[in-house]
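Engineer: The structure follows.
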Amino acid sequence: MRFPILIFILVTLSFDACNTVEDSMPISNTPEVPEEVTFEEGLFVINEGNFDWGHGTLSFKKYESDSVYEEIYKQRNDFELGNVAQSMTIIGEKGYICVNNSERVDIIETKTAKWIGRIEIPRSSPRYLLPIDENKAYITELYADRFYVLNLDSNTIQKEVRTSGWTEKMCKVGDFVYMTQTRTVYDSRKGGQFLLKINAQTDAIVDSLALPYGPIDLQVDKNDKIWVLCNGGLVQLTPAIVQVDPIQFEIIKTLDLSANDYLSMPSRLRINKEKDILYYIQKDVFALPIETSTPTSIIPKEKRLFYGLGVSPRNNDIYVADAIDYVQKGWIFKYNQEGVKLDSFKVGVIPNEIVFQ
Amino acid sequence: MNNYKFRLLLIVCFWFSQANAQIDSTTYLSEVEIIGQRIPERISFKNTKIDKEQIDQYLSASLGELLTLTTPIFIKSYGAGGTATPSFRGTGASHTQVYWNGINLNSPMLGQVDLSLFPVAFTDEVTVNYGASSLLYGTGGLGGGIQMNSKLNWDKKQEVIFSQTYNTLQNSITNGSISFSNEKWSSTTKLFYKDGRNLFEFVNPLQPETPTWSNDHSGQIQYGALQEVGYKINENHTLQGNIWYQNSERKLTPSMDSRYGDSKQGDESFRGLVTWKVNHDNFKMEWNNAYIHDYLWYEKLLSNDETPKTTHSNSTSYQYQSHLRASYQVHDQLLLRGGYDYTWDKISSNQYQASSDSTIIDVHQNTIDLYGGFDYFPIEQLSMSFLIRQQWIDGDLKPILPSLGIEYQWNQNGKYSYSLRGNISKNFHAPSLNDRYWYPVGNPDLLPEQGWTYEGTLGIQSHWKNNWRLSYDITAFSSIIHNWIVWKPAVSNLWRPENLKKVHSRGIEQILQLTYHKSDWQWIGYASVSYVKSENLEAYDELDQSVGTQLIYTPVFSAQGYIQANYKSWYGIVEQQIYGKRLTQTDGSEYLPPYYLTNFSIGKQFSFRQHRFDLKARIENVFAFHYQSIARKPMPGRVYQLTFTYKL
């Protein structure tokens with residue numbers, strides 16, 4: 001009975017893949033970005049993409065035009081950004097994009113969105129990057145109890161500094177770097193809610209200041225005072241905004257933001273161009289002039305679920321992101337300082353950060 | 001006649017008996033009784049059976065792999081060896097209920113099952129209940145139900161089976177079973193061990209310079225043991241005990257965006273079941289009592305230290321289930337049925353309270369269902385089936401679930417006989433315990449998902465006088481499900497379940513079977529083709545673009561089929577699966593392209609005295625078609641597999 005053996009051999013040998021690996025990849029309906037378009041005079045939106053199976057995307061909107069360009073990273077490079085794109089920091093002509101779940105920082109030339117290089121940090125969850133001097137930057141980290149010192153010349157990690165929790169946002173005032181530290185909801189350790197003070201020369205943590213639960217974002221005002229947004233945690237429900245004197249390293253004042261349940265957890269702290277009005281999301285978008293203690297709601301939530309927030313350093317326009325159901329393309333709404341809606345445009349899946357050029 | 005021919009004849013006879021059964025509804029009942037000695041399925045509701053002979057072809061496969069080849073159920077797979085969840089008639093994973101000898105196996109925490117965890121070797125018969133056909137066994141099967149049933153060997157012979165499979169993914173699957181029986185006792189012991197490395201290389205176009213990566217973080221160790229004992233008290237009463245232990249530990253396949261995998265998952269379960277069966281000519285009863293213990297853990301490495309920091313979550317569920325199912329044939333025209341289903345759940349999880357609180361919280365739930373109904377045959381050609389089911393969860397009265405089906409058959413003596421079936425039913429799916437209690441987002445106020453389903457089937461059977469047999473079924477169905485539960489962020493990145501969608505799922509399923517038998521040749525052909533449109537009807541707000549768009553990861557078009565040819569001791573099987581495009585975003589802004597998978601097997605049986613051997617070579621994905629089931633999860637190309645089976 002040779003017939004079946006013959007079929008077996010024929011089938012095995014005579015066929016090979018009838019499609020290419022590119023043919024199996026997800027197909028997006030995003031319009032093509034014309035070759036001549038450059039990404040200047042505008043803002044970038046960093047869209048996270050779905051955890052694990054989605055992909056982060058970069059959108060770009062010119063200030064003086066209605067054109068929005070989506071998936072510019074993928075279109076200019078023919079490969080994808082990875083998933084849970086968390087933030088982009090522009091240093092000179094380069095953009096450093098922290099891609100959380102893909103455990104790396106990708107570097108692009110911002111003008112062309114062309115990929116330049118990559119810093120891979122196995123089993124890390126990079127969050128934000130801050131340049132410290134010409135040669136180095138710090139990268140904060142979600143899970144691993146440390147932050148990374150990046151050598152900007154070689155694009156390698158030159159040092160890892162131990163912390164005791166989730167490091168998130170940073171600022172540099174004088175010779176010191178200030179970094180928020182909190183704990184994730186999966187972390188059962190007590191305490192650990194700090195503002196860390198780091199010697200920018202030696203990278204050593206020299207001091208830590210205990211803060212209300214959940215320090216998650218910070219800004220520096222025109223008087224070089226640091227404002228920290230504490231989300232108050234899921235259980236404690238004690239959200240607050242704290243003003244810190246970086247020199248004395250002590251709390252100047254604490255402003256309680258009331259929360260009835262975890263749905264009132266605040267997020268995102270931004271500051272205007274003059275550095276005298278703070279903005280944050282607590283369902284609505286609130287404005288808090290630094291000289292007062294009474295925040296006012298300037299953009300009511302209505303049916304929206306505000307996720308990302310940005311304040312333009314050019315003209316103080318306020319940009320708010322809504323991710324709809326988090327499994328479709330999200331939207332950005334633009335308002336003026338009085339909360340009057342000026343514009344809206346569609347971006348990528350889960351718009352998170354708005355980066356102004 | 002050697003045994004293999006006998007088995008083939010059985011397959012053919014079974015199909016013929018099914019064909020005949022649908023022509024004459026009164027014989028239908030008794031046919032099924034003779035084959036399974038079980039309470040009959042409802043007439044005029046759609047169900048299909050995958051029998052022992054076919055299961056024997058896939059001894060090394062998981063239930064998910066078997067269903068994907070032989071039913072229209074779409075199985076979503078998170079990579080080789082990864083979680084496999086069903087989408088039945090365009091519904092979600094928790095809308096398919098899986099039963100093992102009448103016991104529900106859906107996780108009370110997740111509401112769904114992972115079909116990669118059930119080895120086909122541990123079941124003797126699989127019945128697929130489409131849509132409301134599953135209401136006979138319980139609620140929640142908005143898409144349908146899958147039954148894995150055991151058939152004890154009472155033929156007073158000893159049978160030993162040993163099977164070893166090896167494939168080019170470096171997976172080794174070993175099965176063994178031994179069964180024997182006498183007048184009073186029957187025992188079957190089955191063992192299963194899978195060491196799957198799921199290792200293959202793939203080209204990664206998502207990375208700079210399109211490197212070739214190795215899928216080296218999908219390894220899996222799965223093992224289990226099943227002991228089944230039957231005791232015949234007398235002619236009409238049987239006691240049966242089943243104990244099933246299984247453990248699985250696997251690395252979770254990372255997306256093609258990440259070079260390194262970092263997560264592992266373990267699933268351990270113990271299931272013990274005692275059944276009392278009463279089998280008189282006109283009265284049948286099954287009383288099942290089961291204890292189920294599931295332990296689920298997940299671990300993720302969080303740092304690159306020598307002893308990395310990890311996150312660890314674990315949940316334990318304990319279940320007691322009791323089911324009574326009875327039928328009584330009042331006279332030739334009337335069958336009554338009724339029973340109850342009771343489930344007690346207890347969950348201990350570190351996910352049901354704040355992590356700052358180190359105590360483990362316990363959550364309990366009591367569910368009781370009562371049901372009753374009848375099958376009625378007013379005239380020979382006409383039959384109808386009615387069932388009504390009422391559920392209470394922790395004392396709360398849930399919606400009452402009536403279902404009614406009617407079947408008419410004609411032209412029974414012609415070249416073709418026809419049957420027309422229609423049914424209407426209400427079903428609902430209660431929120432899972434995670435939906436209700438997951439800290440802090442669990443939503444105790446969630447409403448059950450519910451809706452009415454309408455279904456109609458035209459069936460055609462051939463009665464040719466030659467060696468060919470044909471049967472064809474075309475079914476149309478439509479169902480609107482209200483309060484569809486979706487997890488959506490409520491506040492920055494905290495996802496919370498809400499009754500957000502109204503989903504309309506409707507479609508057409510066709511099944512064609514063709515067999516040919518002449519002297520040394522047997523040909524069996526099967527094809528099923530489905531079009532299912534399943535879309536959201538309600539928007540969250542004016543910006544939501546998901547309305548009128550197909551649900552994500554649910555193909556509109558799918559088809560599967562196989563052709564099997566047997567010649568003397570040789571056999572060959574070609575299998576084909578086709579899936580249309582699947583959206584990955586609710587606004588349809590991204591989709592996965594269609595894919596086509598072809599498998600080919602060839603085998604030969606040998607015998608030496610009473611020893612029988614079967615050697616089978618199989619190629620999966622013959623054309624090395626590149627495809628993805630979940631976006632950006634790598635899937636294997638062509639896989640070569642060899643199976644050796646010994647039977648005594």
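Here, A, B, ... name the chains of the structure tokens in the order displayed, residue numbers run from 1 inside each chain, and ligands are numbered from 1 in the same displayed order.
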Residues within 7 Å of Ile350 in chain A, please, as a VMD selection string. Count only C-alpha atoms; anything in the same chain fewer than 4 positions from it doesn't count.
Structural biologist: chain A and resid 47 to 49 323 326 329 to 330
Engineer: Residues of chain A within 7 Å of chain B, counting only C-alpha atoms, what are they? List them as number ranges by chain.
Structural biologist: A: 15-22, 24-29, 52-54, 79-80, 82-83, 102, 122-124, 143-144, 185-190, 263, 303, 307, 324-325, 327-328
Engineer: Please produce an output containing N, CA and C atoms for each residue in the selection, written as a short mmCIF file (atom, residue, chain, number, x, y, z; two decimals), in the first residue's frame.
Structural biologist:
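Ended up saving to again-v9.cif:
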data_model
loop_
_atom_site.label_atom_id
_atom_site.label_comp_id
_atom_site.auth_asym_id
_atom_site.auth_seq_id
_atom_site.Cartn_x
_atom_site.Cartn_y
_atom_site.Cartn_z
N PHE A 15 4.96 21.73 -0.43
CA PHE A 15 4.34 23.01 -0.08
C PHE A 15 5.14 23.74 0.98
N ASP A 16 5.16 25.02 0.84
CA ASP A 16 5.73 25.80 1.92
C ASP A 16 4.75 26.93 2.20
N ALA A 17 5.08 27.73 3.21
CA ALA A 17 4.16 28.77 3.64
C ALA A 17 3.60 29.55 2.46
N CYS A 18 2.28 29.66 2.42
CA CYS A 18 1.69 30.38 1.30
C CYS A 18 1.36 31.81 1.69
N ASN A 19 1.77 32.21 2.87
CA ASN A 19 1.70 33.63 3.20
C ASN A 19 2.99 33.99 3.93
N THR A 20 3.23 35.26 4.11
CA THR A 20 4.45 35.67 4.81
C THR A 20 4.08 36.01 6.24
N VAL A 21 5.09 36.13 7.08
CA VAL A 21 4.81 36.42 8.49
C VAL A 21 4.15 37.80 8.61
N GLU A 22 4.49 38.72 7.71
CA GLU A 22 3.86 40.05 7.75
C GLU A 22 2.36 39.94 7.49
N SER A 24 0.42 37.87 8.62
CA SER A 24 -0.31 37.37 9.79
C SER A 24 -0.47 38.44 10.86
N MET A 25 0.16 39.59 10.64
CA MET A 25 0.14 40.61 11.69
C MET A 25 -1.18 41.38 11.67
N PRO A 26 -1.55 41.96 12.82
CA PRO A 26 -2.77 42.76 12.87
C PRO A 26 -2.72 43.91 11.87
N ILE A 27 -3.86 44.20 11.26
CA ILE A 27 -3.94 45.23 10.25
C ILE A 27 -4.75 46.40 10.81
N SER A 28 -4.20 47.60 10.67
CA SER A 28 -4.86 48.76 11.23
C SER A 28 -5.43 49.63 10.11
N ASN A 29 -6.53 50.31 10.42
CA ASN A 29 -7.16 51.14 9.39
C ASN A 29 -6.66 52.58 9.41
N ASP A 52 -0.22 43.59 27.09
CA ASP A 52 0.11 42.23 26.61
C ASP A 52 -0.13 41.99 25.12
N TRP A 53 -1.32 42.30 24.58
CA TRP A 53 -1.53 41.94 23.17
C TRP A 53 -1.69 43.13 22.23
N GLY A 54 -1.75 44.33 22.79
CA GLY A 54 -1.90 45.49 21.93
C GLY A 54 -0.56 46.11 21.61
N PHE A 79 8.05 48.85 12.30
CA PHE A 79 7.86 47.92 13.41
C PHE A 79 7.15 48.69 14.52
N GLU A 80 6.77 47.97 15.56
CA GLU A 80 5.90 48.59 16.55
C GLU A 80 6.63 48.99 17.82
N GLY A 82 5.72 48.42 20.94
CA GLY A 82 5.58 47.57 22.12
C GLY A 82 4.39 48.01 22.92
N ASN A 83 4.13 47.32 24.05
CA ASN A 83 2.92 47.72 24.73
C ASN A 83 3.07 48.29 26.12
N SER A 102 6.95 46.05 27.80
CA SER A 102 7.96 45.51 26.88
C SER A 102 9.37 45.68 27.44
N PRO A 122 15.87 43.99 31.07
CA PRO A 122 15.04 42.80 31.28
C PRO A 122 14.30 42.84 32.61
N ARG A 123 13.06 42.39 32.58
CA ARG A 123 12.18 42.33 33.76
C ARG A 123 12.07 43.66 34.49
N SER A 124 11.97 44.70 33.72
CA SER A 124 11.75 46.00 34.33
C SER A 124 10.40 46.52 33.88
N TYR A 143 7.81 48.18 39.50
CA TYR A 143 7.74 47.03 40.41
C TYR A 143 9.04 46.68 41.14
N ALA A 144 10.18 47.00 40.54
CA ALA A 144 11.41 46.32 40.97
C ALA A 144 12.13 46.96 42.16
N VAL A 185 -0.96 48.43 44.13
CA VAL A 185 -2.06 47.80 44.88
C VAL A 185 -1.77 46.34 45.23
N TYR A 186 -0.78 45.75 44.54
CA TYR A 186 -0.46 44.34 44.80
C TYR A 186 0.61 44.19 45.87
N ASP A 187 1.09 45.31 46.39
CA ASP A 187 2.19 45.29 47.34
C ASP A 187 1.61 45.29 48.75
N SER A 188 1.93 44.28 49.55
CA SER A 188 1.31 44.19 50.88
C SER A 188 2.15 44.82 51.98
N ARG A 189 3.32 45.40 51.62
CA ARG A 189 4.14 46.03 52.66
C ARG A 189 3.48 47.31 53.15
N LYS A 190 3.76 47.64 54.40
CA LYS A 190 3.20 48.87 54.98
C LYS A 190 4.15 50.04 54.69
N LEU A 263 -13.52 55.77 43.32
CA LEU A 263 -13.82 56.43 42.04
C LEU A 263 -13.44 57.91 42.07
N LYS A 303 -20.17 63.10 30.74
CA LYS A 303 -20.16 61.66 30.45
C LYS A 303 -18.75 61.12 30.24
N TYR A 307 -8.61 60.64 31.47
CA TYR A 307 -7.48 59.77 31.79
C TYR A 307 -6.17 60.55 31.77
N ILE A 324 -12.36 56.16 26.22
CA ILE A 324 -13.65 55.51 25.92
C ILE A 324 -13.73 54.15 26.65
N ASP A 325 -13.70 53.04 25.93
CA ASP A 325 -13.77 51.74 26.62
C ASP A 325 -12.40 51.08 26.76
N VAL A 327 -10.57 49.88 24.61
CA VAL A 327 -10.30 48.89 23.57
C VAL A 327 -10.70 49.49 22.22
N GLN A 328 -10.63 50.80 22.13
CA GLN A 328 -10.81 51.47 20.85
C GLN A 328 -10.02 52.77 20.89
#
Engineer: Do you know which residues are at most 10 Å from Lys275 in chain A counting only C-alpha atoms, after dropping those on the same chain fewer than 5 positions away, and could you put them as a VMD selection string?
Structural biologist: chain A and resid 219 to 224 270 289 to 290 313
Engineer: Do you know which residues are at most 7 Å from range 161-172 of chain A counting only C-alpha atoms, after dropping those on the same chain fewer than 5 positions away, and could you put them as a PyMOL selection string?
Structural biologist: chain A and resi 127-128+130+140-143+145-148+177-184+192+216-218
Engineer: For C-alpha atoms, I'd like the residues from the last selection saved as a compact mmCIF listing (two decimals), in the first residue's frame.
Structural biologist:
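Heads up, here's the output in out.txt:
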# COMPACT_ATOMS: atom_id res chain seq x y z
CA ARG A 127 7.82 54.61 33.82
CA TYR A 128 9.42 58.05 33.39
CA LEU A 130 14.40 62.67 33.53
CA THR A 140 11.79 55.32 37.43
CA GLU A 141 10.36 51.84 37.80
CA LEU A 142 7.00 50.34 38.73
CA TYR A 143 7.74 47.03 40.41
CA ASP A 145 12.17 48.60 43.98
CA ARG A 146 14.82 50.69 42.23
CA PHE A 147 15.50 53.40 39.75
CA TYR A 148 17.99 53.22 36.91
CA VAL A 177 16.57 65.23 42.31
CA TYR A 178 13.21 64.65 44.00
CA MET A 179 11.34 61.44 43.22
CA THR A 180 7.93 60.15 44.35
CA GLN A 181 7.77 56.67 45.79
CA THR A 182 4.61 54.70 46.53
CA ARG A 183 3.46 51.07 46.43
CA THR A 184 1.33 49.24 43.89
CA GLY A 192 6.81 53.46 51.82
CA ILE A 216 2.06 59.79 42.22
CA ASP A 217 2.82 63.07 40.49
CA LEU A 218 4.70 66.31 41.13
Engineer: If you count only C-alpha atoms, which residues fall within 6 Å of range 105-114 of chain B, apart from same-chain ones fewer than 5 positions away, as an MDAnalysis selection string?
Structural biologist: chainID B and resid 83:85 93:94 98:99 432:434
Engineer: Residues at most 6 Å from range 179-188 of chain B, counting only C-alpha atoms, excluding those fewer than 3 positions away in the same chain, as a PyMOL selection string?
Structural biologist: chain B and resi 154+156-159+227-232
Engineer: If you keep C-alpha atoms, can you produce a file of those selected residues as a PDB file, in the first residue's frame?
Structural biologist:
ATOM      1  CA  TRP B 154     -19.286  -3.394  31.141  1.00  0.00           C
ATOM      2  CA  LYS B 156     -16.444  -8.141  31.073  1.00  0.00           C
ATOM      3  CA  LYS B 157     -13.151  -7.801  29.293  1.00  0.00           C
ATOM      4  CA  GLN B 158      -9.919  -6.242  30.308  1.00  0.00           C
ATOM      5  CA  GLU B 159      -8.597  -3.446  28.147  1.00  0.00           C
ATOM      6  CA  GLN B 227     -10.307   6.653  38.457  1.00  0.00           C
ATOM      7  CA  GLU B 228     -13.804   5.523  37.603  1.00  0.00           C
ATOM      8  CA  VAL B 229     -15.600   2.693  39.358  1.00  0.00           C
ATOM      9  CA  GLY B 230     -19.049   1.340  38.686  1.00  0.00           C
ATOM     10  CA  TYR B 231     -21.053  -1.065  40.804  1.00  0.00           C
ATOM     11  CA  LYS B 232     -24.254  -2.668  39.592  1.00  0.00           C
TER      12      LYS B 232
END
Engineer: Going by DSSP on the backbone, which bits of range 371-550 of chain B are helix (DSSP H, G or I)? Write them as a ChimeraX atom specification, please.
Structural biologist: /B:433-437
Engineer: Fewer than 5 positions away in the same chain doesn't count, so skip those; otherwise give me all residues within 7 Å of Ala80 in chain B, counting only C-alpha atoms, as JSON, numbers by chain.
Structural biologist: {"B": [198, 218, 635, 636]}
Engineer: For C-alpha atoms, I'd like the residues from the last selection saved as a short mmCIF file (atom, residue, chain, number, x, y, z; two decimals), in the first residue's frame.
Structural biologist:
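File produced: again.cif:
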data_model
loop_
_atom_site.label_atom_id
_atom_site.label_comp_id
_atom_site.auth_asym_id
_atom_site.auth_seq_id
_atom_site.Cartn_x
_atom_site.Cartn_y
_atom_site.Cartn_z
CA ASN B 198 6.09 24.31 22.88
CA SER B 218 5.54 28.54 26.77
CA MET B 635 1.78 30.63 16.91
CA PRO B 636 3.69 27.61 15.60
#
Engineer: One decimal, Å: what's the distance from CA of Gln201 in chain A over to CA of Asp106 in chain A, could you say?
Structural biologist: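 If I compute the distance from CA of Gln201 in chain A to CA of Asp106 in chain A, I get 25.3 Å.
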Engineer: Taking the DSSP assignment computed from this structure's backbone, write out as a ChimeraX atom specification all residues of range 422-458 of chain B that belong to strand (DSSP E or B).
Structural biologist: /B:422-429,449-458
Engineer: Can you write just those residues out, N, CA and C atoms, as a PDB file, in the first residue's frame?
Structural biologist:
ATOM      1  N   GLY B 422     -37.895  24.107  15.302  1.00  0.00           N
ATOM      2  CA  GLY B 422     -37.836  25.501  15.719  1.00  0.00           C
ATOM      3  C   GLY B 422     -37.914  25.558  17.221  1.00  0.00           C
ATOM      4  N   ASN B 423     -37.203  26.490  17.812  1.00  0.00           N
ATOM      5  CA  ASN B 423     -37.354  26.645  19.256  1.00  0.00           C
ATOM      6  C   ASN B 423     -37.144  28.069  19.701  1.00  0.00           C
ATOM      7  N   ILE B 424     -37.689  28.362  20.854  1.00  0.00           N
ATOM      8  CA  ILE B 424     -37.598  29.693  21.439  1.00  0.00           C
ATOM      9  C   ILE B 424     -37.279  29.482  22.911  1.00  0.00           C
ATOM     10  N   SER B 425     -36.387  30.288  23.447  1.00  0.00           N
ATOM     11  CA  SER B 425     -35.966  30.038  24.824  1.00  0.00           C
ATOM     12  C   SER B 425     -35.449  31.302  25.461  1.00  0.00           C
ATOM     13  N   LYS B 426     -35.495  31.305  26.776  1.00  0.00           N
ATOM     14  CA  LYS B 426     -34.871  32.384  27.517  1.00  0.00           C
ATOM     15  C   LYS B 426     -33.739  31.797  28.348  1.00  0.00           C
ATOM     16  N   ASN B 427     -32.632  32.524  28.419  1.00  0.00           N
ATOM     17  CA  ASN B 427     -31.516  32.045  29.227  1.00  0.00           C
ATOM     18  C   ASN B 427     -30.879  33.242  29.909  1.00  0.00           C
ATOM     19  N   PHE B 428     -30.133  32.977  30.953  1.00  0.00           N
ATOM     20  CA  PHE B 428     -29.396  34.078  31.579  1.00  0.00           C
ATOM     21  C   PHE B 428     -28.079  33.568  32.145  1.00  0.00           C
ATOM     22  N   HIS B 429     -27.189  34.509  32.389  1.00  0.00           N
ATOM     23  CA  HIS B 429     -25.877  34.163  32.913  1.00  0.00           C
ATOM     24  C   HIS B 429     -25.585  35.063  34.098  1.00  0.00           C
ATOM     25  N   GLU B 449     -26.711  38.716  32.844  1.00  0.00           N
ATOM     26  CA  GLU B 449     -26.866  38.889  31.405  1.00  0.00           C
ATOM     27  C   GLU B 449     -28.022  37.988  30.985  1.00  0.00           C
ATOM     28  N   GLN B 450     -28.939  38.488  30.202  1.00  0.00           N
ATOM     29  CA  GLN B 450     -30.075  37.641  29.847  1.00  0.00           C
ATOM     30  C   GLN B 450     -30.682  38.002  28.501  1.00  0.00           C
ATOM     31  N   GLY B 451     -31.390  37.043  27.943  1.00  0.00           N
ATOM     32  CA  GLY B 451     -32.040  37.329  26.673  1.00  0.00           C
ATOM     33  C   GLY B 451     -32.794  36.129  26.129  1.00  0.00           C
ATOM     34  N   TRP B 452     -33.544  36.370  25.075  1.00  0.00           N
ATOM     35  CA  TRP B 452     -34.299  35.335  24.378  1.00  0.00           C
ATOM     36  C   TRP B 452     -33.523  34.904  23.151  1.00  0.00           C
ATOM     37  N   THR B 453     -33.629  33.615  22.831  1.00  0.00           N
ATOM     38  CA  THR B 453     -32.988  33.083  21.634  1.00  0.00           C
ATOM     39  C   THR B 453     -34.041  32.393  20.775  1.00  0.00           C
ATOM     40  N   TYR B 454     -33.943  32.611  19.469  1.00  0.00           N
ATOM     41  CA  TYR B 454     -34.843  31.956  18.516  1.00  0.00           C
ATOM     42  C   TYR B 454     -33.972  31.150  17.579  1.00  0.00           C
ATOM     43  N   GLU B 455     -34.444  29.956  17.253  1.00  0.00           N
ATOM     44  CA  GLU B 455     -33.599  29.083  16.458  1.00  0.00           C
ATOM     45  C   GLU B 455     -34.470  28.230  15.541  1.00  0.00           C
ATOM     46  N   GLY B 456     -34.034  28.036  14.324  1.00  0.00           N
ATOM     47  CA  GLY B 456     -34.752  27.156  13.400  1.00  0.00           C
ATOM     48  C   GLY B 456     -33.774  26.314  12.606  1.00  0.00           C
ATOM     49  N   THR B 457     -34.096  25.030  12.385  1.00  0.00           N
ATOM     50  CA  THR B 457     -33.192  24.126  11.672  1.00  0.00           C
ATOM     51  C   THR B 457     -33.964  23.331  10.624  1.00  0.00           C
ATOM     52  N   LEU B 458     -33.374  23.234   9.454  1.00  0.00           N
ATOM     53  CA  LEU B 458     -33.899  22.318   8.442  1.00  0.00           C
ATOM     54  C   LEU B 458     -32.879  21.193   8.303  1.00  0.00           C
TER      55      LEU B 458
END
Engineer: What does the structure give for the distance between CA of Ile243 in chain B and CA of Asn129 in chain B, in Å to one decimal?
Structural biologist: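 Value for the CA of Ile243 in chain B-CA of Asn129 in chain B distance: 24.7 Å.
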Engineer: Could you check which of B:Leu273, B:Leu117, B:Leu336, B:Leu470 is closest to Ala290 in chain B, using only C-alpha atoms?
Structural biologist: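 Ranking B:Leu273, B:Leu117, B:Leu336, B:Leu470 by distance to Ala290 in chain B, first place goes to B:Leu273.
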Engineer: One decimal, in Å: what's the spacing between CA of Thr549 in chain B and CA of Ile72 in chain A?
Structural biologist: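 Interatomic distance, CA of Thr549 in chain B to CA of Ile72 in chain A: 25.6 Å.
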